[in-house]
Each structure stands twice: as C-alpha cells, then as structure tokens.
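Novice: Attaching a single structure in structure tokens format; questions to follow.
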Amino acid sequence: MSETTPPYEVRGSGPVLLVIPGGAGHPMGLDGLVERLADRFTVVTYDPMGLSHGRLGEPVEDQRVEAWSDGARQVLDSVLPGSASAYVFGSSSGGIAALDLLTRHPDRVRHVVAHEPPSVTVLPDAARHRGMFEEVYEIYRAEGLQAAMVRLNAGLEDRAWEAPPSVGTSPTPASPSVPDNPMAVFVVHVLRQFTAYVPDFAALKPLSARLTLAGGHDSRGQLPHRTARMLAQRSGSDFVEFPGNHIGAVTHPVDFAERLTERLPPVTAPSVPLTTQGVQTRQAWPDDASAVAGVYVRSWQAAFAGLVPRHYLDAMDRSREEAEWKARIAEAQWPWTGVLVAETEAGIVGFASFGPSQETPATAEIGTLYAMPELWGTGIGKQLMRATLTTLGQADYTQATLWVLEDNERARRFYEAAGWRPDGAAVEDTTGGASLNKLRYRRLLG
C-alpha cells in the first residue's frame with residue numbers, strides 16, 4: 001500500500017470482500033469471521049484510522065463518513081485490477097461507511113451488506129436518539145468510558161435509564177484528552193458524527209439490487225435493528241437477519257460468515273450475470289427499445305448521481321425513453337448509424353449508440369455507452385467498446401469522438417484506458433438546470 005492509502009490487511013483468495021469494522025474501525029474481535037471468510041474470498045480488512053497499525057493513542061480529529069468511504073475506495077483501487085468491483089461488508093459505523101461507499105463510488109462495488117448501521121436520522125424519533133448519543137459523550141467526559149458505555153447500551157437496547165447523582169458533578173474530566181482505547185475513540189470521535197449521517201436515498205434506490213440491510217436475530221426491537229429495517233424500507237433493499245446481536249460477527253463468527261456468504265451473489269449468478277461469459281453483442285432492433293430504455297435510465301440514475309441535479313434523475317421514465325429509442329433504432333443505417341446491444345440469457349444488459357460526427361468528415365461519434373450498474377467493473381463495457389469500434393471500422397470511419405462530463409472521473413478513466421484522449425474541445429452542458437463542462441475525446445480507428 002502507498003503512503004496515502006489507509007492501512008488494510010489481506011487474507012485468503014477468491015473474489016475480493018472488503019470488511020469495514022464497526023466502532024472506531026479497529027478490527028478487534030473479527031479474526032474468527034475473517035478466518036472463515038478467507039476460505040472463499042480475498043478478505044481485505046480496512047482500518048480507517050490505523051488504530052490497529054500503531055496509531056492508537058495519537059491525536060485524531062472527529063471522523064467523517066465520507067472520509068471513511070473515500071479511504072475504502074482508495075483501498076479497493078489498490079487491491080482490484082482495472083475497473084473490477086468488490087463485495088463489501090460493513091458493521092455498525094462501518095455499515096454507514098459502506099452505504100456511503102455504494103452511494104458515491106458504485107463503480108467499485110459489486111454488492112454491499114450493511115449490518116445494523118445506526119444512522120438514526122431515518123427514524124421518526126431521531127432527535128431523541130441523537131440526544132442520547134450526546135449524553136453518552138458528556139458522561140464519558142465526566143465519568144469515564146465505563147459509565148458512558150452503560151448509558152450507550154441502555155440507549156441501544158431502548159431501556160429506561162436514570163443518571164446516577166454523580167454524573168455531571170465531577171470537577172475535572174475523568175478521561176484522558178487523547179483517547180487511548182478504541183471504544184473511547186469511538187465515543188469521542190465517531191459515535192455522534194456517524195449517527196448523524198443522512199443517507200442519499202435518491203442515489204441508493206437505483207442501486208437497491210446491490211444492497212442488503214441486516215439486523216441481528218437477537219437484537220430485534222433494539223435501536224440498530226430498527227434503523228436497519230427502516231433503511232431497507234426507504235432504499236427499497238432487502239432486509240435479512242443474521243445470527244447474534246449487534247456484535248454477532250464477533251460472537252457467532254462461523255454462522256455469521258455462512259449467512260454473509262449466502263447474501264453475496266455469486267460472480268456467475270445466472271439471474272444477474274456478473275462476468276462477460278456468455279455475453280453477445282449484436283445490432284439492436286425496434287423490439288429491443290424497452291430494454292435499452294431500461295438500461296439507459298438505470299445507468300443515468302447511478303452514473304450521474306451527484307453530477308446531474310437529483311430532480312432530473314428522479315423524473316427519468318423508462319416508458320418515455322422507450323419511444324425515442326425505438327425511433328432511433330428504426331432509423332439506423334447500419335453500420336454507419338445504429339445501436340449495438342450486449343445481451344445475456346437474462347436479456348439486454350448494455351448498449352452503445354453511434355453515428356456520423358456533425359463537425360468532422362469521416363469521423364464517427366459514439367453518443368452513448370452504458371451497462372447496467374450491477375455489472376460495472378465486469379468487463380461488459382470494454383466488450384461493448386470493442387464491438388462498437390469494430391463496427392465503425394466496417395463503415396470506413398477513420399476516427400471517432402465522444403463527449404464526457406469533465407467531473408465524471410469514472411467514465412474518463414474508462415475511456416482513457418481504451419485509448420481515448422481529450423482533443424481540447426469543450427462545451428457547457430445544462431442538463432436539468434446544472435452548468436457542467438463536457439470534454440470531447442477522440443481516437444483513431446484501425
């Protein structure tokens with residue numbers, strides 16, 4: 001790992017599974033789970049604050065969910081080849097980071113299992129719970145870690161609690177100014193900050209097939225379990241129960257690992273193919289318009305979240321897009337203009353459209369190239385690109401162009417890896433009322 005990449009450990013072999021621990025991110029107690037999972041996965045255990053790598057006891061700042069998920073993205077960039085994607089498991093505060101990772105970096109994520117992420121902002125009584133977390137912090141400052149954990153456990157289990165007479169009366173703080181225990185770091189720098197996280201449901205809903213929310217069988221009715229259920233309901237994702245309670249990954253590592261493995265769709269799952277095996281590319285026909293429109297809407301809502309205004313993405317409608325794509329496909333003059341689809345036994349999973357450039361003779365322009373978000377990083381985009389370039393070569397085009405948003409870093413990496421380069425042209429894009437810069441990329445054919 002580089003000096004800028006957060007610390008992590010790697011064990012096992014197989015598909016990559018990123019583990020984001022709860023609490024302050026220290027992987028203590030997870031050895032049993034990791035050992036079991038390493039029989040089937042390359043388990044990458046992420047340590048966001050480096051507490052298990054010699055940084056415990058050093059001064060730290062209040063933690064941000066986005067910083068943890070950006071760090072997770074850096075770790076995945078270090079361990080994954082090319083544009084591949086990984087499974088992700090996050091528990092408690094790690095589950096909140098996993099949700100944010102899926103929301104903001106979906107290109108690196110195959111499927112997320114978030115176990116009891118306590119983002120209480122989704123609950124109708126959120127203010128009461130956030131007040132409880134503030135109280136835990138104040139008790140820590142006055143009475144120390146043990147008293148704070150008693151209050152926290154009562155709050156998580158939704159039990160009545162009355163402050164002992166001593167709380168708030170200590171003349172000097174009972175705890176060190178720099179926490180030297182992982183749980184103390186959690187109480188001071190993670191608990192209040194992470195539980196205040198507000199999920200972006202508009203971005204999560206299009207990705208719901210790649211998200212599983214989980215709750216402990218033994219923590220039914222408790223705060224983290226209720227929060228996970230509400231997150232599943234509002235994101236449209238599956239909710240399942242795992243063995244044990246909030247720390248079931250520690251107390252029931254074998255059964256927990258088995259349940260987790262069940263929830264991670266196999267790489268070759270026939271219902272949602274996640275590799276290029278069995279993918280065929282062909283010319284689109286008007287009857288394909290509905291499927292093409294579905295891929296178009298799903299891809300836009302996932303790829304442009306945070307770039308194009310949310311109201312525009314939410315208003316996209318497959319039935320409205322279908323008519324336009326049917327007309328475009330029917331008017332194709334193959335191989336000079338047309339739509340190329342990528343198809344598996346499950347149906348159409350990606351497409352590209354192309355035609356002549358309006359600016360330059362003998363130049364083609366690729367207007368769109370999209371794959372279903374669940375399949376990002378599997379190589380289908382590359383296969384579509386190769387097939388499109390081959391078709392353009394058959395039409396005697398000598399070069400091709402395409403336009404990409406300047407801020408769409410994932411797409412720019414993809415195109416540059418395929419040999420495309422910016423040619424200096426740029427235009428303003430005002431889709432949905434935004435003001436965004438588009439760059440033109442170009443490459444030779446043949």
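Going by the structure tokens order, chains are called A, B, ..., each with residues numbered from 1, while ligands are numbered from 1 in the order shown.
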Please provide as a PyMOL selection string all residues within 8 Å of Gln280 of chain A, with the sequence filter that same-chain residues fewer than 2 positions apart are discarded (counting only C-alpha atoms).
Specialist: chain A and resi 278+282+342-344
Novice: Just list the residues in segment 163-397 of chain A DSSP gives strand (DSSP E or B) on the backbone, as a PDB file with N, CA, C and O atoms, in the first residue's frame.
Specialist:
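Result saved to states-v2.pdb:
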ATOM      1  N   LEU A 211     -27.698  -3.952  -2.620  1.00  0.00           N
ATOM      2  CA  LEU A 211     -27.614  -3.618  -1.200  1.00  0.00           C
ATOM      3  C   LEU A 211     -28.487  -4.539  -0.375  1.00  0.00           C
ATOM      4  O   LEU A 211     -29.660  -4.759  -0.696  1.00  0.00           O
ATOM      5  N   THR A 212     -27.911  -5.087   0.687  1.00  0.00           N
ATOM      6  CA  THR A 212     -28.656  -5.862   1.679  1.00  0.00           C
ATOM      7  C   THR A 212     -28.457  -5.211   3.039  1.00  0.00           C
ATOM      8  O   THR A 212     -27.320  -4.984   3.459  1.00  0.00           O
ATOM      9  N   LEU A 213     -29.566  -4.874   3.707  1.00  0.00           N
ATOM     10  CA  LEU A 213     -29.510  -4.410   5.095  1.00  0.00           C
ATOM     11  C   LEU A 213     -29.741  -5.598   5.999  1.00  0.00           C
ATOM     12  O   LEU A 213     -30.560  -6.474   5.696  1.00  0.00           O
ATOM     13  N   ALA A 214     -29.003  -5.650   7.106  1.00  0.00           N
ATOM     14  CA  ALA A 214     -29.078  -6.802   8.001  1.00  0.00           C
ATOM     15  C   ALA A 214     -29.262  -6.350   9.447  1.00  0.00           C
ATOM     16  O   ALA A 214     -28.776  -5.291   9.856  1.00  0.00           O
ATOM     17  N   GLY A 215     -29.966  -7.182  10.199  1.00  0.00           N
ATOM     18  CA  GLY A 215     -30.133  -6.961  11.634  1.00  0.00           C
ATOM     19  C   GLY A 215     -29.879  -8.247  12.384  1.00  0.00           C
ATOM     20  O   GLY A 215     -30.076  -9.344  11.843  1.00  0.00           O
ATOM     21  N   GLY A 216     -29.444  -8.142  13.622  1.00  0.00           N
ATOM     22  CA  GLY A 216     -29.190  -9.325  14.420  1.00  0.00           C
ATOM     23  C   GLY A 216     -30.472  -9.983  14.899  1.00  0.00           C
ATOM     24  O   GLY A 216     -31.404  -9.290  15.340  1.00  0.00           O
ATOM     25  N   ASP A 238     -33.256  -5.330   0.229  1.00  0.00           N
ATOM     26  CA  ASP A 238     -33.611  -6.489   1.049  1.00  0.00           C
ATOM     27  C   ASP A 238     -33.191  -6.274   2.495  1.00  0.00           C
ATOM     28  O   ASP A 238     -32.177  -5.604   2.771  1.00  0.00           O
ATOM     29  N   PHE A 239     -33.962  -6.857   3.405  1.00  0.00           N
ATOM     30  CA  PHE A 239     -33.575  -6.900   4.820  1.00  0.00           C
ATOM     31  C   PHE A 239     -33.538  -8.355   5.252  1.00  0.00           C
ATOM     32  O   PHE A 239     -34.485  -9.111   4.992  1.00  0.00           O
ATOM     33  N   VAL A 240     -32.450  -8.771   5.903  1.00  0.00           N
ATOM     34  CA  VAL A 240     -32.320 -10.138   6.401  1.00  0.00           C
ATOM     35  C   VAL A 240     -31.773 -10.098   7.822  1.00  0.00           C
ATOM     36  O   VAL A 240     -31.184  -9.098   8.247  1.00  0.00           O
ATOM     37  N   GLU A 241     -31.984 -11.181   8.541  1.00  0.00           N
ATOM     38  CA  GLU A 241     -31.434 -11.280   9.898  1.00  0.00           C
ATOM     39  C   GLU A 241     -30.212 -12.184   9.900  1.00  0.00           C
ATOM     40  O   GLU A 241     -30.155 -13.185   9.178  1.00  0.00           O
ATOM     41  N   PHE A 242     -29.242 -11.806  10.735  1.00  0.00           N
ATOM     42  CA  PHE A 242     -28.004 -12.550  10.909  1.00  0.00           C
ATOM     43  C   PHE A 242     -27.957 -13.117  12.333  1.00  0.00           C
ATOM     44  O   PHE A 242     -28.653 -12.619  13.223  1.00  0.00           O
ATOM     45  N   GLN A 280     -23.196 -11.644 -25.619  1.00  0.00           N
ATOM     46  CA  GLN A 280     -23.121 -11.499 -27.062  1.00  0.00           C
ATOM     47  C   GLN A 280     -23.468 -10.056 -27.431  1.00  0.00           C
ATOM     48  O   GLN A 280     -24.336  -9.445 -26.809  1.00  0.00           O
ATOM     49  N   THR A 281     -22.775  -9.494 -28.410  1.00  0.00           N
ATOM     50  CA  THR A 281     -23.118  -8.168 -28.910  1.00  0.00           C
ATOM     51  C   THR A 281     -23.735  -8.310 -30.298  1.00  0.00           C
ATOM     52  O   THR A 281     -23.305  -9.154 -31.096  1.00  0.00           O
ATOM     53  N   ARG A 282     -24.744  -7.476 -30.585  1.00  0.00           N
ATOM     54  CA  ARG A 282     -25.436  -7.555 -31.870  1.00  0.00           C
ATOM     55  C   ARG A 282     -26.105  -6.221 -32.167  1.00  0.00           C
ATOM     56  O   ARG A 282     -26.256  -5.362 -31.286  1.00  0.00           O
ATOM     57  N   GLN A 283     -26.543  -6.055 -33.395  1.00  0.00           N
ATOM     58  CA  GLN A 283     -27.308  -4.880 -33.787  1.00  0.00           C
ATOM     59  C   GLN A 283     -28.658  -4.894 -33.080  1.00  0.00           C
ATOM     60  O   GLN A 283     -29.304  -5.948 -32.959  1.00  0.00           O
ATOM     61  N   ALA A 305     -25.416  10.456 -10.422  1.00  0.00           N
ATOM     62  CA  ALA A 305     -25.790  10.915  -9.078  1.00  0.00           C
ATOM     63  C   ALA A 305     -24.687  11.813  -8.530  1.00  0.00           C
ATOM     64  O   ALA A 305     -23.517  11.454  -8.531  1.00  0.00           O
ATOM     65  N   VAL A 308     -25.528  15.413 -12.029  1.00  0.00           N
ATOM     66  CA  VAL A 308     -26.739  15.999 -12.600  1.00  0.00           C
ATOM     67  C   VAL A 308     -27.750  16.198 -11.466  1.00  0.00           C
ATOM     68  O   VAL A 308     -27.827  15.359 -10.562  1.00  0.00           O
ATOM     69  N   GLY A 338     -26.456   3.480 -35.738  1.00  0.00           N
ATOM     70  CA  GLY A 338     -27.205   2.387 -35.133  1.00  0.00           C
ATOM     71  C   GLY A 338     -27.000   2.268 -33.639  1.00  0.00           C
ATOM     72  O   GLY A 338     -26.341   3.102 -33.005  1.00  0.00           O
ATOM     73  N   VAL A 339     -27.572   1.210 -33.098  1.00  0.00           N
ATOM     74  CA  VAL A 339     -27.451   0.881 -31.673  1.00  0.00           C
ATOM     75  C   VAL A 339     -26.981  -0.560 -31.574  1.00  0.00           C
ATOM     76  O   VAL A 339     -27.532  -1.456 -32.241  1.00  0.00           O
ATOM     77  N   LEU A 340     -25.965  -0.775 -30.776  1.00  0.00           N
ATOM     78  CA  LEU A 340     -25.392  -2.098 -30.547  1.00  0.00           C
ATOM     79  C   LEU A 340     -25.730  -2.513 -29.122  1.00  0.00           C
ATOM     80  O   LEU A 340     -25.566  -1.714 -28.192  1.00  0.00           O
ATOM     81  N   VAL A 341     -26.235  -3.731 -28.910  1.00  0.00           N
ATOM     82  CA  VAL A 341     -26.600  -4.179 -27.570  1.00  0.00           C
ATOM     83  C   VAL A 341     -25.709  -5.325 -27.121  1.00  0.00           C
ATOM     84  O   VAL A 341     -25.203  -6.098 -27.938  1.00  0.00           O
ATOM     85  N   ALA A 342     -25.513  -5.407 -25.798  1.00  0.00           N
ATOM     86  CA  ALA A 342     -24.859  -6.550 -25.159  1.00  0.00           C
ATOM     87  C   ALA A 342     -25.950  -7.363 -24.481  1.00  0.00           C
ATOM     88  O   ALA A 342     -26.746  -6.823 -23.713  1.00  0.00           O
ATOM     89  N   GLU A 343     -25.986  -8.649 -24.769  1.00  0.00           N
ATOM     90  CA  GLU A 343     -27.108  -9.484 -24.343  1.00  0.00           C
ATOM     91  C   GLU A 343     -26.603 -10.764 -23.693  1.00  0.00           C
ATOM     92  O   GLU A 343     -25.623 -11.359 -24.139  1.00  0.00           O
ATOM     93  N   THR A 344     -27.287 -11.193 -22.623  1.00  0.00           N
ATOM     94  CA  THR A 344     -27.028 -12.475 -21.981  1.00  0.00           C
ATOM     95  C   THR A 344     -28.347 -13.246 -21.932  1.00  0.00           C
ATOM     96  O   THR A 344     -29.365 -12.786 -22.442  1.00  0.00           O
ATOM     97  N   GLY A 347     -31.157 -11.219 -20.717  1.00  0.00           N
ATOM     98  CA  GLY A 347     -31.655 -10.124 -21.531  1.00  0.00           C
ATOM     99  C   GLY A 347     -30.566  -9.122 -21.854  1.00  0.00           C
ATOM    100  O   GLY A 347     -29.368  -9.384 -21.690  1.00  0.00           O
ATOM    101  N   ILE A 348     -30.979  -7.940 -22.301  1.00  0.00           N
ATOM    102  CA  ILE A 348     -30.044  -6.885 -22.679  1.00  0.00           C
ATOM    103  C   ILE A 348     -29.505  -6.220 -21.409  1.00  0.00           C
ATOM    104  O   ILE A 348     -30.270  -5.765 -20.551  1.00  0.00           O
ATOM    105  N   VAL A 349     -28.172  -6.161 -21.304  1.00  0.00           N
ATOM    106  CA  VAL A 349     -27.528  -5.621 -20.098  1.00  0.00           C
ATOM    107  C   VAL A 349     -26.667  -4.397 -20.390  1.00  0.00           C
ATOM    108  O   VAL A 349     -26.095  -3.808 -19.477  1.00  0.00           O
ATOM    109  N   GLY A 350     -26.571  -4.003 -21.660  1.00  0.00           N
ATOM    110  CA  GLY A 350     -25.789  -2.824 -22.011  1.00  0.00           C
ATOM    111  C   GLY A 350     -26.030  -2.466 -23.465  1.00  0.00           C
ATOM    112  O   GLY A 350     -26.562  -3.273 -24.240  1.00  0.00           O
ATOM    113  N   PHE A 351     -25.657  -1.245 -23.853  1.00  0.00           N
ATOM    114  CA  PHE A 351     -25.818  -0.844 -25.239  1.00  0.00           C
ATOM    115  C   PHE A 351     -24.913   0.349 -25.546  1.00  0.00           C
ATOM    116  O   PHE A 351     -24.444   1.054 -24.650  1.00  0.00           O
ATOM    117  N   ALA A 352     -24.686   0.561 -26.837  1.00  0.00           N
ATOM    118  CA  ALA A 352     -23.951   1.727 -27.326  1.00  0.00           C
ATOM    119  C   ALA A 352     -24.656   2.236 -28.574  1.00  0.00           C
ATOM    120  O   ALA A 352     -25.207   1.448 -29.348  1.00  0.00           O
ATOM    121  N   SER A 353     -24.657   3.558 -28.763  1.00  0.00           N
ATOM    122  CA  SER A 353     -25.236   4.144 -29.970  1.00  0.00           C
ATOM    123  C   SER A 353     -24.188   5.007 -30.656  1.00  0.00           C
ATOM    124  O   SER A 353     -23.305   5.569 -30.001  1.00  0.00           O
ATOM    125  N   PHE A 354     -24.289   5.128 -31.975  1.00  0.00           N
ATOM    126  CA  PHE A 354     -23.258   5.844 -32.724  1.00  0.00           C
ATOM    127  C   PHE A 354     -23.832   6.360 -34.034  1.00  0.00           C
ATOM    128  O   PHE A 354     -24.901   5.933 -34.493  1.00  0.00           O
ATOM    129  N   GLY A 355     -23.094   7.279 -34.663  1.00  0.00           N
ATOM    130  CA  GLY A 355     -23.473   7.844 -35.946  1.00  0.00           C
ATOM    131  C   GLY A 355     -22.373   8.775 -36.412  1.00  0.00           C
ATOM    132  O   GLY A 355     -21.326   8.901 -35.773  1.00  0.00           O
ATOM    133  N   PRO A 356     -22.581   9.460 -37.526  1.00  0.00           N
ATOM    134  CA  PRO A 356     -21.540  10.345 -38.039  1.00  0.00           C
ATOM    135  C   PRO A 356     -21.417  11.622 -37.217  1.00  0.00           C
ATOM    136  O   PRO A 356     -22.403  12.166 -36.725  1.00  0.00           O
ATOM    137  N   THR A 363     -15.557  10.997 -39.636  1.00  0.00           N
ATOM    138  CA  THR A 363     -15.435  10.781 -38.184  1.00  0.00           C
ATOM    139  C   THR A 363     -16.775  10.335 -37.621  1.00  0.00           C
ATOM    140  O   THR A 363     -17.823  10.920 -37.922  1.00  0.00           O
ATOM    141  N   ALA A 364     -16.750   9.302 -36.789  1.00  0.00           N
ATOM    142  CA  ALA A 364     -17.953   8.828 -36.103  1.00  0.00           C
ATOM    143  C   ALA A 364     -18.035   9.454 -34.715  1.00  0.00           C
ATOM    144  O   ALA A 364     -17.023   9.905 -34.173  1.00  0.00           O
ATOM    145  N   GLU A 365     -19.230   9.476 -34.184  1.00  0.00           N
ATOM    146  CA  GLU A 365     -19.406   9.931 -32.802  1.00  0.00           C
ATOM    147  C   GLU A 365     -20.183   8.872 -32.037  1.00  0.00           C
ATOM    148  O   GLU A 365     -21.263   8.444 -32.473  1.00  0.00           O
ATOM    149  N   ILE A 366     -19.616   8.420 -30.918  1.00  0.00           N
ATOM    150  CA  ILE A 366     -20.329   7.499 -30.032  1.00  0.00           C
ATOM    151  C   ILE A 366     -21.172   8.352 -29.091  1.00  0.00           C
ATOM    152  O   ILE A 366     -20.638   9.128 -28.289  1.00  0.00           O
ATOM    153  N   GLY A 367     -22.480   8.220 -29.204  1.00  0.00           N
ATOM    154  CA  GLY A 367     -23.370   9.054 -28.399  1.00  0.00           C
ATOM    155  C   GLY A 367     -23.592   8.522 -27.009  1.00  0.00           C
ATOM    156  O   GLY A 367     -23.686   9.290 -26.040  1.00  0.00           O
ATOM    157  N   THR A 368     -23.704   7.194 -26.862  1.00  0.00           N
ATOM    158  CA  THR A 368     -23.941   6.581 -25.558  1.00  0.00           C
ATOM    159  C   THR A 368     -23.213   5.254 -25.474  1.00  0.00           C
ATOM    160  O   THR A 368     -23.050   4.561 -26.496  1.00  0.00           O
ATOM    161  N   LEU A 369     -22.807   4.882 -24.274  1.00  0.00           N
ATOM    162  CA  LEU A 369     -22.265   3.550 -23.999  1.00  0.00           C
ATOM    163  C   LEU A 369     -22.511   3.267 -22.528  1.00  0.00           C
ATOM    164  O   LEU A 369     -21.858   3.853 -21.661  1.00  0.00           O
ATOM    165  N   TYR A 370     -23.494   2.401 -22.251  1.00  0.00           N
ATOM    166  CA  TYR A 370     -23.909   2.160 -20.871  1.00  0.00           C
ATOM    167  C   TYR A 370     -24.089   0.659 -20.602  1.00  0.00           C
ATOM    168  O   TYR A 370     -24.452  -0.102 -21.508  1.00  0.00           O
ATOM    169  N   ALA A 371     -23.854   0.269 -19.361  1.00  0.00           N
ATOM    170  CA  ALA A 371     -24.162  -1.082 -18.887  1.00  0.00           C
ATOM    171  C   ALA A 371     -24.943  -0.965 -17.591  1.00  0.00           C
ATOM    172  O   ALA A 371     -24.882   0.061 -16.906  1.00  0.00           O
TER     173      ALA A 371
END
Novice: Would you pick out the contacts of Phe201 of chain A at 9 Å or less, using only C-alpha atoms, so that residues sharing its chain but fewer than 6 positions from it are not included, and give the list as a list in words?
Specialist: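 Result of the neighbour search: Thr103, Leu231, Arg234 and Ser235 of chain A.
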Novice: May I have the residues within 8 Å of Trp161 of chain A as a compact mmCIF listing (two decimals) with all heavy atoms, in the first residue's frame, using only C-alpha atoms and disregarding those fewer than 4 positions away in the same chain?
Specialist:
# COMPACT_ATOMS: atom_id res chain seq x y z
N ARG A 151 -24.54 3.83 29.69
CA ARG A 151 -25.60 4.66 29.11
C ARG A 151 -25.85 4.30 27.65
O ARG A 151 -27.00 4.22 27.21
CB ARG A 151 -25.19 6.15 29.19
CG ARG A 151 -26.20 7.08 28.52
CD ARG A 151 -27.53 7.06 29.26
NE ARG A 151 -28.58 7.81 28.60
CZ ARG A 151 -29.60 7.26 27.95
NH1 ARG A 151 -29.66 5.93 27.82
NH2 ARG A 151 -30.55 8.01 27.43
N ALA A 154 -27.82 1.01 27.29
CA ALA A 154 -29.23 1.21 27.63
C ALA A 154 -29.96 1.88 26.48
O ALA A 154 -31.10 1.53 26.15
CB ALA A 154 -29.35 2.04 28.90
N GLY A 155 -29.31 2.85 25.85
CA GLY A 155 -29.94 3.54 24.73
C GLY A 155 -30.12 2.65 23.52
O GLY A 155 -31.17 2.69 22.86
Novice: I'd like the contact shell of Ala330 of chain A - 8 Å cut-off, only C-alpha atoms, skipping same-chain residues fewer than 2 positions apart - returned as an MDAnalysis selection string.
Specialist: chainID A and resid 285:286 326:328 332
Novice: Expressed in Å to a single decimal, how great is the separation between atom CA of Tyr87 of chain A and atom CA of Gly50 of chain A?
Specialist: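 Distance between the two atoms: 21.6 Å.
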Novice: Considering only C-alpha atoms, state which residue in the set A:Pro106, A:Pro253, A:Pro48, A:Pro6 is at the smallest distance from Leu30 of chain A.
Specialist: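 Checking each of A:Pro106, A:Pro253, A:Pro48, A:Pro6 against Leu30 of chain A, counting only C-alpha atoms, the winner is A:Pro253.
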Novice: Point out the residue among A:Ala395, A:Met49, A:Val188, A:Val254 with the least atom-to-atom distance to Leu37 of chain A, counting only C-alpha atoms.
Specialist: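 Of the candidates, the smallest distance to Leu37 of chain A is held by A:Val254.
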Novice: Got a sec to tell me which of segment 384-417 of chain A DSSP assigns to alpha helix (DSSP H), as a list in words?
Specialist: Leu384, Met385, Arg386, Ala387, Thr388, Leu389, Thr390, Thr391, Leu392, Gly393, Gln394, Glu409, Arg410, Ala411, Arg412, Arg413, Phe414, Tyr415, Glu416 and Ala417 of chain A
Novice: I'd like to know which of A:Tyr197, A:Trp420, A:Trp376, A:Tyr46 is closest to Glu66 of chain A, using only C-alpha atoms.
Specialist: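 The shortest atom-to-atom distance to Glu66 of chain A comes from A:Tyr197.
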Novice: Calculated over only C-alpha atoms, which of the candidates A:Arg440, A:Arg226, A:Arg298, A:Arg40 has the smallest distance to Lys205 of chain A?
Specialist: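 Checking each candidate against Lys205 of chain A, we get A:Arg298 as the closest.
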Novice: Quick one: residues within 9 Å of segment 120-122 of chain A, only C-alpha atoms counted, chain neighbours fewer than 5 positions away excluded, as a list in words?
Specialist: Ala127, His129, Arg130, Thr195, Ala196, Tyr197, Val198, Pro199, Leu223, Pro224, Arg226, Thr227, Met230, Leu231 and Arg234 of chain A
Novice: Between atom CA of Tyr397 of chain A and atom CA of Asp429 of chain A, what distance in Å does the model show, to one decimal?
Specialist: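 Calculated distance between atom CA of Tyr397 of chain A and atom CA of Asp429 of chain A is 26.8 Å.
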